[in-house]
Every structure is written in C-alpha cells, then in structure tokens.
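Just entry.cif here, mmCIF, C-alpha atoms and all ligand atoms:
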```cif
data_model
loop_
_atom_site.label_atom_id
_atom_site.label_comp_id
_atom_site.auth_asym_id
_atom_site.auth_seq_id
_atom_site.Cartn_x
_atom_site.Cartn_y
_atom_site.Cartn_z
CA MET T 1 20.16 -41.28 -38.80
CA THR T 2 19.26 -43.64 -35.99
CA ASP T 3 22.07 -44.84 -33.77
CA PRO T 4 22.49 -48.58 -33.52
CA LYS T 5 20.53 -49.86 -30.55
CA PRO T 6 22.59 -50.75 -27.48
CA SER T 7 23.74 -54.31 -26.97
CA VAL T 8 22.83 -56.28 -23.87
CA LEU T 9 24.49 -59.45 -22.60
CA VAL T 10 22.14 -61.75 -20.69
CA VAL T 11 23.89 -64.17 -18.33
CA GLU T 12 21.25 -66.54 -17.02
CA ASP T 13 21.21 -70.35 -16.79
CA GLU T 14 17.43 -70.81 -16.60
CA ALA T 15 16.24 -71.19 -20.18
CA PRO T 16 12.68 -69.80 -19.74
CA MET T 17 13.96 -66.66 -17.99
CA ARG T 18 16.74 -66.19 -20.54
CA LYS T 19 14.25 -66.55 -23.38
CA PHE T 20 11.77 -64.11 -21.81
CA VAL T 21 14.46 -61.47 -21.36
CA HIS T 22 15.91 -62.09 -24.82
CA VAL T 23 12.55 -61.82 -26.59
CA SER T 24 11.51 -58.73 -24.60
CA LEU T 25 14.77 -56.94 -25.39
CA GLU T 26 14.78 -57.91 -29.04
CA ALA T 27 11.21 -56.64 -29.42
CA GLN T 28 12.52 -53.21 -28.37
CA GLY T 29 15.32 -53.37 -30.92
CA TYR T 30 18.19 -54.14 -28.55
CA ARG T 31 20.96 -56.37 -29.76
CA VAL T 32 21.05 -59.37 -27.44
CA LEU T 33 23.78 -61.83 -26.52
CA ASP T 34 23.03 -64.88 -24.38
CA ALA T 35 25.20 -66.85 -21.99
CA GLU T 36 24.24 -69.85 -19.88
CA THR T 37 27.28 -69.91 -17.64
CA GLY T 38 29.55 -67.37 -16.00
CA LYS T 39 32.52 -68.51 -18.04
CA GLN T 40 30.64 -68.14 -21.30
CA GLY T 41 29.34 -64.76 -20.13
CA LEU T 42 32.81 -63.44 -19.36
CA GLU T 43 34.09 -64.63 -22.74
CA LEU T 44 31.22 -62.97 -24.60
CA ALA T 45 31.62 -59.79 -22.57
CA ALA T 46 35.31 -59.61 -23.46
CA ALA T 47 34.70 -60.38 -27.14
CA HIS T 48 31.77 -57.98 -27.72
CA VAL T 49 31.97 -55.38 -24.91
CA PRO T 50 28.19 -55.00 -24.53
CA ASP T 51 26.63 -51.72 -23.37
CA LEU T 52 24.97 -53.45 -20.44
CA VAL T 53 25.03 -56.81 -18.65
CA LEU T 54 22.00 -58.53 -17.12
CA LEU T 55 23.34 -60.97 -14.57
CA ASP T 56 21.63 -63.84 -12.78
CA LEU T 57 23.15 -64.34 -9.33
CA GLY T 58 22.81 -68.13 -9.23
CA LEU T 59 24.92 -69.47 -12.08
CA PRO T 60 26.04 -73.12 -12.36
CA ASP T 61 29.79 -72.46 -12.51
CA MET T 62 30.36 -69.27 -10.50
CA ASP T 63 28.19 -66.99 -8.44
CA GLY T 64 27.11 -63.61 -9.69
CA LEU T 65 29.32 -61.92 -7.14
CA GLU T 66 32.43 -63.52 -8.64
CA PHE T 67 31.20 -62.64 -12.12
CA ALA T 68 30.65 -58.97 -11.20
CA LYS T 69 34.12 -58.77 -9.62
CA ARG T 70 35.83 -60.28 -12.64
CA LEU T 71 33.95 -58.12 -15.11
CA ARG T 72 34.77 -55.01 -13.08
CA GLU T 73 38.47 -55.79 -13.38
CA TRP T 74 38.29 -54.40 -16.92
CA GLY T 75 34.74 -53.35 -17.78
CA SER T 76 32.69 -50.38 -16.61
CA MET T 77 29.41 -51.11 -18.41
CA PRO T 78 26.34 -51.11 -16.14
CA ILE T 79 25.52 -54.45 -14.51
CA VAL T 80 21.90 -55.10 -13.57
CA ILE T 81 21.36 -58.14 -11.37
CA LEU T 82 18.48 -60.55 -11.83
CA SER T 83 17.85 -61.78 -8.34
CA ALA T 84 15.47 -64.15 -6.58
CA ARG T 85 13.96 -63.13 -3.26
CA SER T 86 16.20 -65.66 -1.53
CA ASP T 87 19.34 -63.97 -2.90
CA GLU T 88 18.87 -60.83 -0.78
CA GLU T 89 22.23 -60.91 1.01
CA GLN T 90 24.17 -61.87 -2.11
CA LYS T 91 22.41 -59.15 -4.03
CA VAL T 92 23.58 -56.45 -1.63
CA ARG T 93 27.13 -57.80 -1.77
CA ALA T 94 27.08 -57.82 -5.57
CA LEU T 95 25.87 -54.20 -5.54
CA ASP T 96 28.70 -53.34 -3.15
CA GLU T 97 31.10 -55.10 -5.55
CA GLY T 98 30.18 -52.84 -8.43
CA ALA T 99 26.87 -54.05 -9.84
CA ASP T 100 24.64 -51.05 -10.49
CA ASP T 101 21.08 -52.14 -9.96
CA TYR T 102 18.80 -55.13 -9.66
CA LEU T 103 15.50 -56.61 -10.68
CA THR T 104 13.70 -59.04 -8.42
CA LYS T 105 12.23 -62.10 -10.10
CA PRO T 106 9.53 -62.35 -11.27
CA PHE T 107 9.44 -59.06 -13.17
CA GLY T 108 7.51 -57.86 -16.19
CA ALA T 109 8.82 -56.63 -19.51
CA GLY T 110 7.88 -53.03 -18.64
CA GLU T 111 9.91 -53.07 -15.44
CA LEU T 112 12.84 -54.69 -17.27
CA MET T 113 12.85 -51.99 -19.98
CA ALA T 114 12.61 -49.14 -17.46
CA ARG T 115 15.59 -50.51 -15.49
CA ILE T 116 17.63 -50.97 -18.63
CA ARG T 117 16.90 -47.45 -19.89
CA VAL T 118 17.98 -45.92 -16.57
CA ALA T 119 21.14 -48.05 -16.41
CA LEU T 120 22.10 -47.24 -20.00
CA ARG T 121 21.63 -43.53 -19.31
CA HIS T 122 23.88 -43.91 -16.30
CA GLY T 123 26.47 -45.71 -18.42
CA ALA T 124 26.38 -42.92 -21.00
CA ARG T 125 26.73 -40.22 -18.32
CA ALA T 126 29.66 -42.06 -16.75
CA ARG T 127 31.29 -42.24 -20.18
CA ASP T 128 30.52 -38.78 -21.56
CA GLY T 129 30.37 -36.68 -18.39
CA ALA T 130 27.21 -35.59 -16.62
CA GLY T 131 27.23 -31.84 -17.16
CA SER T 132 27.26 -29.25 -14.43
CA LEU T 133 23.54 -28.97 -13.86
CA ALA T 134 21.40 -31.80 -12.51
CA ARG T 135 17.61 -31.65 -12.55
CA ILE T 136 15.45 -33.91 -10.48
CA GLY T 137 11.90 -33.98 -11.74
CA ASP T 138 10.80 -30.39 -12.32
CA GLU T 139 11.31 -29.45 -8.67
CA ILE T 140 14.97 -29.76 -7.76
CA GLU T 141 17.97 -28.24 -9.49
CA ILE T 142 21.58 -28.78 -8.46
CA ASP T 143 24.38 -26.63 -9.83
CA LEU T 144 27.36 -28.92 -9.36
CA VAL T 145 29.88 -26.18 -10.13
CA LYS T 146 28.52 -23.49 -7.82
CA ARG T 147 27.24 -26.08 -5.35
CA LEU T 148 23.84 -24.47 -5.26
CA VAL T 149 20.59 -26.32 -4.73
CA HIS T 150 17.21 -24.88 -5.72
CA VAL T 151 13.96 -26.51 -4.72
CA ARG T 152 10.84 -25.31 -6.51
CA GLY T 153 12.64 -22.09 -7.38
CA GLU T 154 13.98 -21.33 -3.90
CA GLU T 155 17.61 -21.69 -2.93
CA VAL T 156 18.03 -24.26 -0.17
CA HIS T 157 21.04 -24.42 2.11
CA LEU T 158 22.50 -27.89 2.61
CA THR T 159 25.21 -28.81 5.09
CA PRO T 160 28.40 -30.22 3.53
CA ILE T 161 27.38 -33.77 4.45
CA GLU T 162 23.86 -33.37 3.09
CA TYR T 163 25.30 -31.99 -0.12
CA LYS T 164 27.82 -34.83 -0.48
CA LEU T 165 25.08 -37.39 0.05
CA LEU T 166 22.86 -35.72 -2.53
CA VAL T 167 25.63 -35.56 -5.12
CA ILE T 168 26.35 -39.28 -4.81
CA LEU T 169 22.68 -40.05 -5.32
CA VAL T 170 22.59 -37.65 -8.30
CA LYS T 171 25.56 -39.44 -9.87
CA HIS T 172 23.58 -42.68 -9.66
CA ALA T 173 20.27 -41.06 -10.54
CA GLY T 174 17.54 -43.60 -11.06
CA MET T 175 19.61 -46.45 -9.66
CA VAL T 176 20.02 -47.98 -6.26
CA VAL T 177 22.96 -46.91 -4.08
CA THR T 178 23.80 -49.23 -1.20
CA HIS T 179 24.09 -48.15 2.43
CA ARG T 180 27.72 -49.19 2.44
CA HIS T 181 28.55 -47.16 -0.64
CA LEU T 182 26.94 -44.02 0.76
CA LEU T 183 28.53 -44.41 4.19
CA GLU T 184 32.01 -45.05 2.78
CA GLN T 185 31.83 -42.22 0.28
CA VAL T 186 30.48 -39.64 2.71
CA TRP T 187 31.99 -40.62 6.05
CA GLY T 188 34.90 -42.82 5.01
CA PRO T 189 35.74 -46.55 4.88
CA GLY T 190 35.63 -46.99 8.65
CA HIS T 191 31.97 -46.02 8.82
CA ALA T 192 30.37 -48.64 6.59
CA HIS T 193 28.05 -49.89 9.33
CA GLN T 194 26.92 -46.65 10.88
CA MET T 195 23.44 -46.76 9.50
CA GLN T 196 22.09 -44.31 12.02
CA TYR T 197 24.15 -41.49 10.45
CA LEU T 198 22.64 -42.22 7.11
CA ARG T 199 19.10 -42.32 8.43
CA VAL T 200 19.49 -39.01 10.21
CA TYR T 201 20.94 -37.21 7.20
CA MET T 202 18.50 -38.75 4.77
CA THR T 203 15.64 -37.54 6.95
CA GLN T 204 17.13 -34.04 6.90
CA LEU T 205 17.61 -34.11 3.14
CA ARG T 206 14.03 -35.19 2.64
CA ARG T 207 12.83 -32.37 4.86
CA LYS T 208 14.70 -29.88 2.72
CA LEU T 209 13.94 -31.30 -0.71
CA GLU T 210 10.65 -33.13 -0.60
CA LYS T 211 7.20 -31.57 -0.60
CA ASN T 212 6.01 -34.37 1.63
CA PRO T 213 9.05 -35.75 3.51
CA ALA T 214 7.00 -38.57 5.04
CA ARG T 215 6.15 -39.86 1.56
CA PRO T 216 9.22 -39.00 -0.50
CA LYS T 217 8.82 -38.76 -4.24
CA TYR T 218 12.53 -38.53 -5.08
CA LEU T 219 14.66 -39.77 -2.18
CA THR T 220 13.21 -43.24 -1.90
CA THR T 221 14.17 -46.12 0.39
CA GLU T 222 15.14 -49.54 -0.94
CA PRO T 223 14.49 -51.68 2.13
CA GLY T 224 17.54 -53.63 3.26
CA VAL T 225 19.64 -52.31 0.37
CA GLY T 226 19.97 -48.54 0.29
CA TYR T 227 18.41 -45.53 -1.39
CA ARG T 228 17.37 -44.56 -4.87
CA LEU T 229 16.98 -41.06 -6.28
CA ARG T 230 14.04 -41.13 -8.64
CA THR T 231 14.32 -38.49 -11.28
CA GLU T 232 11.33 -39.17 -13.49
CA ALA T 233 8.32 -41.35 -13.91
CA ASP T 234 10.08 -44.58 -14.83
CA CA K 1 20.10 -69.31 -11.90
#
```

What is this file in structure tokens?
Amino acid sequence: MTDPKPSVLVVEDEAPMRKFVHVSLEAQGYRVLDAETGKQGLELAAAHVPDLVLLDLGLPDMDGLEFAKRLREWGSMPIVILSARSDEEQKVRALDEGADDYLTKPFGAGELMARIRVALRHGARARDGAGSLARIGDEIEIDLVKRLVHVRGEEVHLTPIEYKLLVILVKHAGMVVTHRHLLEQVWGPGHAHQMQYLRVYMTQLRRKLEKNPARPKYLTTEPGVGYRLRTEAD
C-alpha cells in the first residue's frame, strides 16, 4: 500500500558532495538520479521528470541560474539550490528565477531531508490544490475562502495588504520567498526595490500574529534573501 518514494535529481559537479547527497537520500528510500553537468541534468530531468531537483549553482557548463530558467520553461517541480556562501547574489537571482529554496553548504543530512520534505509538500500542494483552510502551527488559522484569520482562537483583522502578504507566504509555507517576489506580488512589478514597505508591513503582521513579535516563531527573516513562514518544527 505504500506509494513509491519520490524521485530526486541531483545536479552537482563535485563528486564528494554528490555522493553525500545521493547516499543520504537513498538511505531514506528516495529514488535518486545524478548529473555532473547542467546539460546532463536537463536531459535527465526531461527524460524522467523527477519530483524535485537539487541544483548546485556552480556547474562546469552552465550556471545554476541558466539551469533553473531552462527547467522552468517546461517543468514546475520544486528546485532546491545547493549554494556556497560566496554564491549569495546568484542564489537570490536563482530564487527570483523560479527556484524554490536553498541549502547553504556545508549542510547535514537532517537539514537536507527537512528541506526536501517541505519542498515536496509544496510541490504536491501546487499540483493538487491547497485546500481552503491553512493552519500555521496550532496558533494561526486562515480561511482562504472567507478571508478570515484567527490567532489563538481570536479573529484578527488584517488590512488588504497584510492579508495579501500573508497569503503569499502561506502558499510557499515552509520555503523562502524573496523580497522581490513579495514586493512584485503585493505592490506590483514597479516596486521590486521598495524594501521599506515590506519591512513595515512585516512588522505589522508579526504584531498581529506572533506571541512575541520581536522573536517571531512563524514569520521569520532570511537575511539578505526574504522571509520564510515556518509552519512546524522542521
Ligand atoms: Ca560546483
């Protein structure tokens, strides 16, 4: 009765990293495909349509940004970037281009599995529909049909912008959402750099939703990248 485990394509040119990821995933029962170059990765992706792609940003034949763009021309599976600290700027651009999340090297097997689980859940929600009720931890409930938000049992009034912002984060629950994405979705394409708007509204949202807004449990900051709505303890 068990469903076949999801398949993951690993696109990474460094053999030790590729092996570590491969072995870790296989130990959890995932089906794993390996590629050493971007070209090989794109071919394997097209041939097997994996449930998720793990993508190194520094590939020998094309950069991860190019890879993400080309995959997104036809594929909607989650892309999780494997990035070095020095790739910071490229990482943000790849996330803006349609990658869904990232892991910073070095990372442990536990962190890798948690990221993959969240991204696969996101992929499944995007495919099958998310349902009309979103729950964040056991404290926040969002009725997406009635547009009602309850926090610890009490109805909370959000302004239209606060609500829009929250819904985008809910749609990407567990994963990072870049500043640019939030600004463009909420305020429009001309506002991609108006970070101060975002900061102001995020502060307000935290005040309304978080028990301790100064140390948010759910609406967390990803420095230099964006925000992440944490929904559970992974
Ligand atoms: Ca590399």

What does the distance between CA of Ala45 in chain T and CA of Ile81 in chain T come to in Å, to one decimal place? 15.3 Å

Closest of T:Glu73, T:Asp13, T:Glu66, T:Glu222 to ligand CA 1 (chain K) - atom-to-atom distances counting all atoms listed in the file: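 Of all the options, T:Asp13 lies closest to ligand CA 1 (chain K).
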
Could you list, as a ChimeraX atom specification, all the residues within 6 Å of ligand CA 1 (chain K), counting only C-alpha atoms and all ligand atoms? /T:12-14,56,58-59

Could you check how far CA of Pro216 in chain T sits from CA of Glu88 in chain T, in Å to one decimal?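 Separation of CA of Pro216 in chain T and CA of Glu88 in chain T: 23.9 Å.
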
Each residue of range 171-225 of chain T lying at most 9 Å from range 131-147 of chain T should get a row with its shortest atom-to-atom pair and the distance in Å to one decimal, counting only C-alpha atoms; could you produce that, ordered by chain and increasing number, as a tab-separated table?
```
residue	atom	partner	partner_atom	distance
T:Ala173	CA	T:Ile136	CA	8.6
T:Leu209	CA	T:Ile140	CA	7.3
T:Glu210	CA	T:Glu139	CA	8.9
T:Tyr218	CA	T:Ile136	CA	7.7
```

Name the residues in contact with range 107-118 of chain T at a cut-off of 10 Å, using all atoms listed in the file, excluding same-chain residues fewer than 6 positions from it; report them as a PyMOL selection string. chain T and resi 8+20-21+23-25+28+52-54+78-80+82+101+124+172-175+231-234

Expressed in Å to a single decimal, how great is the separation between CA of Val10 in chain T and CA of Ala35 in chain T?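 If I compute the distance from CA of Val10 in chain T to CA of Ala35 in chain T, I get 6.1 Å.
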
Using all atoms listed in the file, which of the listed residues (T:Val92, T:Leu57, T:Leu219, T:Ala46) sits closest to Trp74 in chain T? T:Ala46

Produce the centre coordinates and the three edge lengths, each in Å to one decimal, of the box along x, y and z that contains all listed atoms of range 34-42 of chain T with 8 Å added on each side, as JSON.
```
{"center_x": 27.9, "center_y": -66.7, "center_z": -20.2, "size_x": 25.8, "size_y": 22.5, "size_z": 24.4}
```

With all atoms listed in the file as the basis for distance, which of T:Gln185, T:Ser83, T:Lys208, T:Arg127 is at the shortest distance from Pro106 in chain T? T:Ser83

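Considering the residues T:Thr159, T:Met17, T:Pro189, T:Asp61 and counting all atoms listed in the file, Lys105 in chain T has its shortest atom-to-atom contact with T:Met17.
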
Neighbouring residues of range 62-65 of chain T were defined as those with any atom within 9 Å, considering only C-alpha atoms; residues of the same chain fewer than 5 positions away were excluded. Please report them as a PDB file with C-alpha atoms, keeping the file's coordinate frame.
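Written out: part_13.pdb:
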```
ATOM      1  CA  THR T  37      27.280 -69.910 -17.640  1.00  0.00           C
ATOM      2  CA  GLY T  38      29.550 -67.370 -16.000  1.00  0.00           C
ATOM      3  CA  LYS T  39      32.520 -68.510 -18.040  1.00  0.00           C
ATOM      4  CA  LEU T  55      23.340 -60.970 -14.570  1.00  0.00           C
ATOM      5  CA  ASP T  56      21.630 -63.840 -12.780  1.00  0.00           C
ATOM      6  CA  LEU T  57      23.150 -64.340  -9.330  1.00  0.00           C
ATOM      7  CA  ARG T  70      35.830 -60.280 -12.640  1.00  0.00           C
ATOM      8  CA  ILE T  81      21.360 -58.140 -11.370  1.00  0.00           C
ATOM      9  CA  GLN T  90      24.170 -61.870  -2.110  1.00  0.00           C
ATOM     10  CA  LYS T  91      22.410 -59.150  -4.030  1.00  0.00           C
ATOM     11  CA  ARG T  93      27.130 -57.800  -1.770  1.00  0.00           C
ATOM     12  CA  ALA T  94      27.080 -57.820  -5.570  1.00  0.00           C
ATOM     13  CA  LEU T  95      25.870 -54.200  -5.540  1.00  0.00           C
ATOM     14  CA  GLU T  97      31.100 -55.100  -5.550  1.00  0.00           C
ATOM     15  CA  ALA T  99      26.870 -54.050  -9.840  1.00  0.00           C
TER      16      ALA T  99
END
```

Could you rebuild range 78-109 of chain T with N, CA and C atoms and give me the result as a short mmCIF file (atom, residue, chain, number, x, y, z; two decimals), in the coordinates of the input?
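And here's out.cif as it stands now:
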```cif
data_model
loop_
_atom_site.label_atom_id
_atom_site.label_comp_id
_atom_site.auth_asym_id
_atom_site.auth_seq_id
_atom_site.Cartn_x
_atom_site.Cartn_y
_atom_site.Cartn_z
N PRO T 78 27.26 -50.83 -17.25
CA PRO T 78 26.34 -51.11 -16.14
C PRO T 78 26.01 -52.60 -16.03
N ILE T 79 25.94 -53.07 -14.78
CA ILE T 79 25.52 -54.45 -14.51
C ILE T 79 24.21 -54.39 -13.73
N VAL T 80 23.18 -55.01 -14.28
CA VAL T 80 21.90 -55.10 -13.57
C VAL T 80 21.68 -56.56 -13.19
N ILE T 81 21.50 -56.79 -11.89
CA ILE T 81 21.36 -58.14 -11.37
C ILE T 81 19.92 -58.63 -11.49
N LEU T 82 19.78 -59.90 -11.87
CA LEU T 82 18.48 -60.55 -11.83
C LEU T 82 18.49 -61.43 -10.59
N SER T 83 17.70 -61.05 -9.59
CA SER T 83 17.85 -61.78 -8.34
C SER T 83 16.53 -62.37 -7.86
N ALA T 84 16.64 -63.54 -7.22
CA ALA T 84 15.47 -64.15 -6.58
C ALA T 84 15.35 -63.58 -5.18
N ARG T 85 14.16 -63.67 -4.60
CA ARG T 85 13.96 -63.13 -3.26
C ARG T 85 14.96 -63.71 -2.26
N SER T 86 15.31 -64.98 -2.48
CA SER T 86 16.20 -65.66 -1.53
C SER T 86 17.66 -65.21 -1.66
N ASP T 87 17.95 -64.42 -2.68
CA ASP T 87 19.34 -63.97 -2.90
C ASP T 87 19.67 -62.65 -2.20
N GLU T 88 18.78 -62.19 -1.33
CA GLU T 88 18.87 -60.83 -0.78
C GLU T 88 20.28 -60.42 -0.34
N GLU T 89 20.92 -61.27 0.46
CA GLU T 89 22.23 -60.91 1.01
C GLU T 89 23.29 -60.84 -0.10
N GLN T 90 23.22 -61.82 -0.98
CA GLN T 90 24.17 -61.87 -2.11
C GLN T 90 23.98 -60.68 -3.03
N LYS T 91 22.73 -60.29 -3.17
CA LYS T 91 22.41 -59.15 -4.03
C LYS T 91 23.09 -57.88 -3.51
N VAL T 92 22.97 -57.65 -2.21
CA VAL T 92 23.58 -56.45 -1.63
C VAL T 92 25.10 -56.50 -1.79
N ARG T 93 25.68 -57.69 -1.61
CA ARG T 93 27.13 -57.80 -1.77
C ARG T 93 27.55 -57.54 -3.22
N ALA T 94 26.76 -58.05 -4.15
CA ALA T 94 27.08 -57.82 -5.57
C ALA T 94 26.97 -56.33 -5.91
N LEU T 95 26.00 -55.65 -5.32
CA LEU T 95 25.87 -54.20 -5.54
C LEU T 95 27.07 -53.48 -4.94
N ASP T 96 27.49 -53.93 -3.76
CA ASP T 96 28.70 -53.34 -3.15
C ASP T 96 29.94 -53.60 -4.01
N GLU T 97 29.94 -54.73 -4.72
CA GLU T 97 31.10 -55.10 -5.55
C GLU T 97 31.14 -54.37 -6.88
N GLY T 98 30.10 -53.59 -7.18
CA GLY T 98 30.18 -52.84 -8.43
C GLY T 98 29.02 -53.06 -9.39
N ALA T 99 28.09 -53.98 -9.04
CA ALA T 99 26.87 -54.05 -9.84
C ALA T 99 26.08 -52.76 -9.60
N ASP T 100 25.25 -52.37 -10.56
CA ASP T 100 24.64 -51.05 -10.49
C ASP T 100 23.19 -51.05 -10.04
N ASP T 101 22.49 -52.12 -10.33
CA ASP T 101 21.08 -52.14 -9.96
C ASP T 101 20.60 -53.57 -9.98
N TYR T 102 19.32 -53.76 -9.68
CA TYR T 102 18.80 -55.13 -9.66
C TYR T 102 17.33 -55.16 -10.05
N LEU T 103 16.91 -56.32 -10.46
CA LEU T 103 15.50 -56.61 -10.68
C LEU T 103 15.20 -57.86 -9.88
N THR T 104 14.07 -57.86 -9.19
CA THR T 104 13.70 -59.04 -8.42
C THR T 104 12.73 -59.89 -9.24
N LYS T 105 13.09 -61.17 -9.37
CA LYS T 105 12.23 -62.10 -10.10
C LYS T 105 10.97 -62.40 -9.28
N PRO T 106 9.80 -62.56 -9.86
CA PRO T 106 9.53 -62.35 -11.27
C PRO T 106 9.31 -60.86 -11.58
N PHE T 107 9.67 -60.44 -12.77
CA PHE T 107 9.44 -59.06 -13.17
C PHE T 107 8.83 -59.05 -14.56
N GLY T 108 8.15 -57.97 -14.89
CA GLY T 108 7.51 -57.86 -16.19
C GLY T 108 8.42 -57.17 -17.19
N ALA T 109 8.01 -57.23 -18.45
CA ALA T 109 8.82 -56.63 -19.51
C ALA T 109 8.93 -55.11 -19.32
#
```
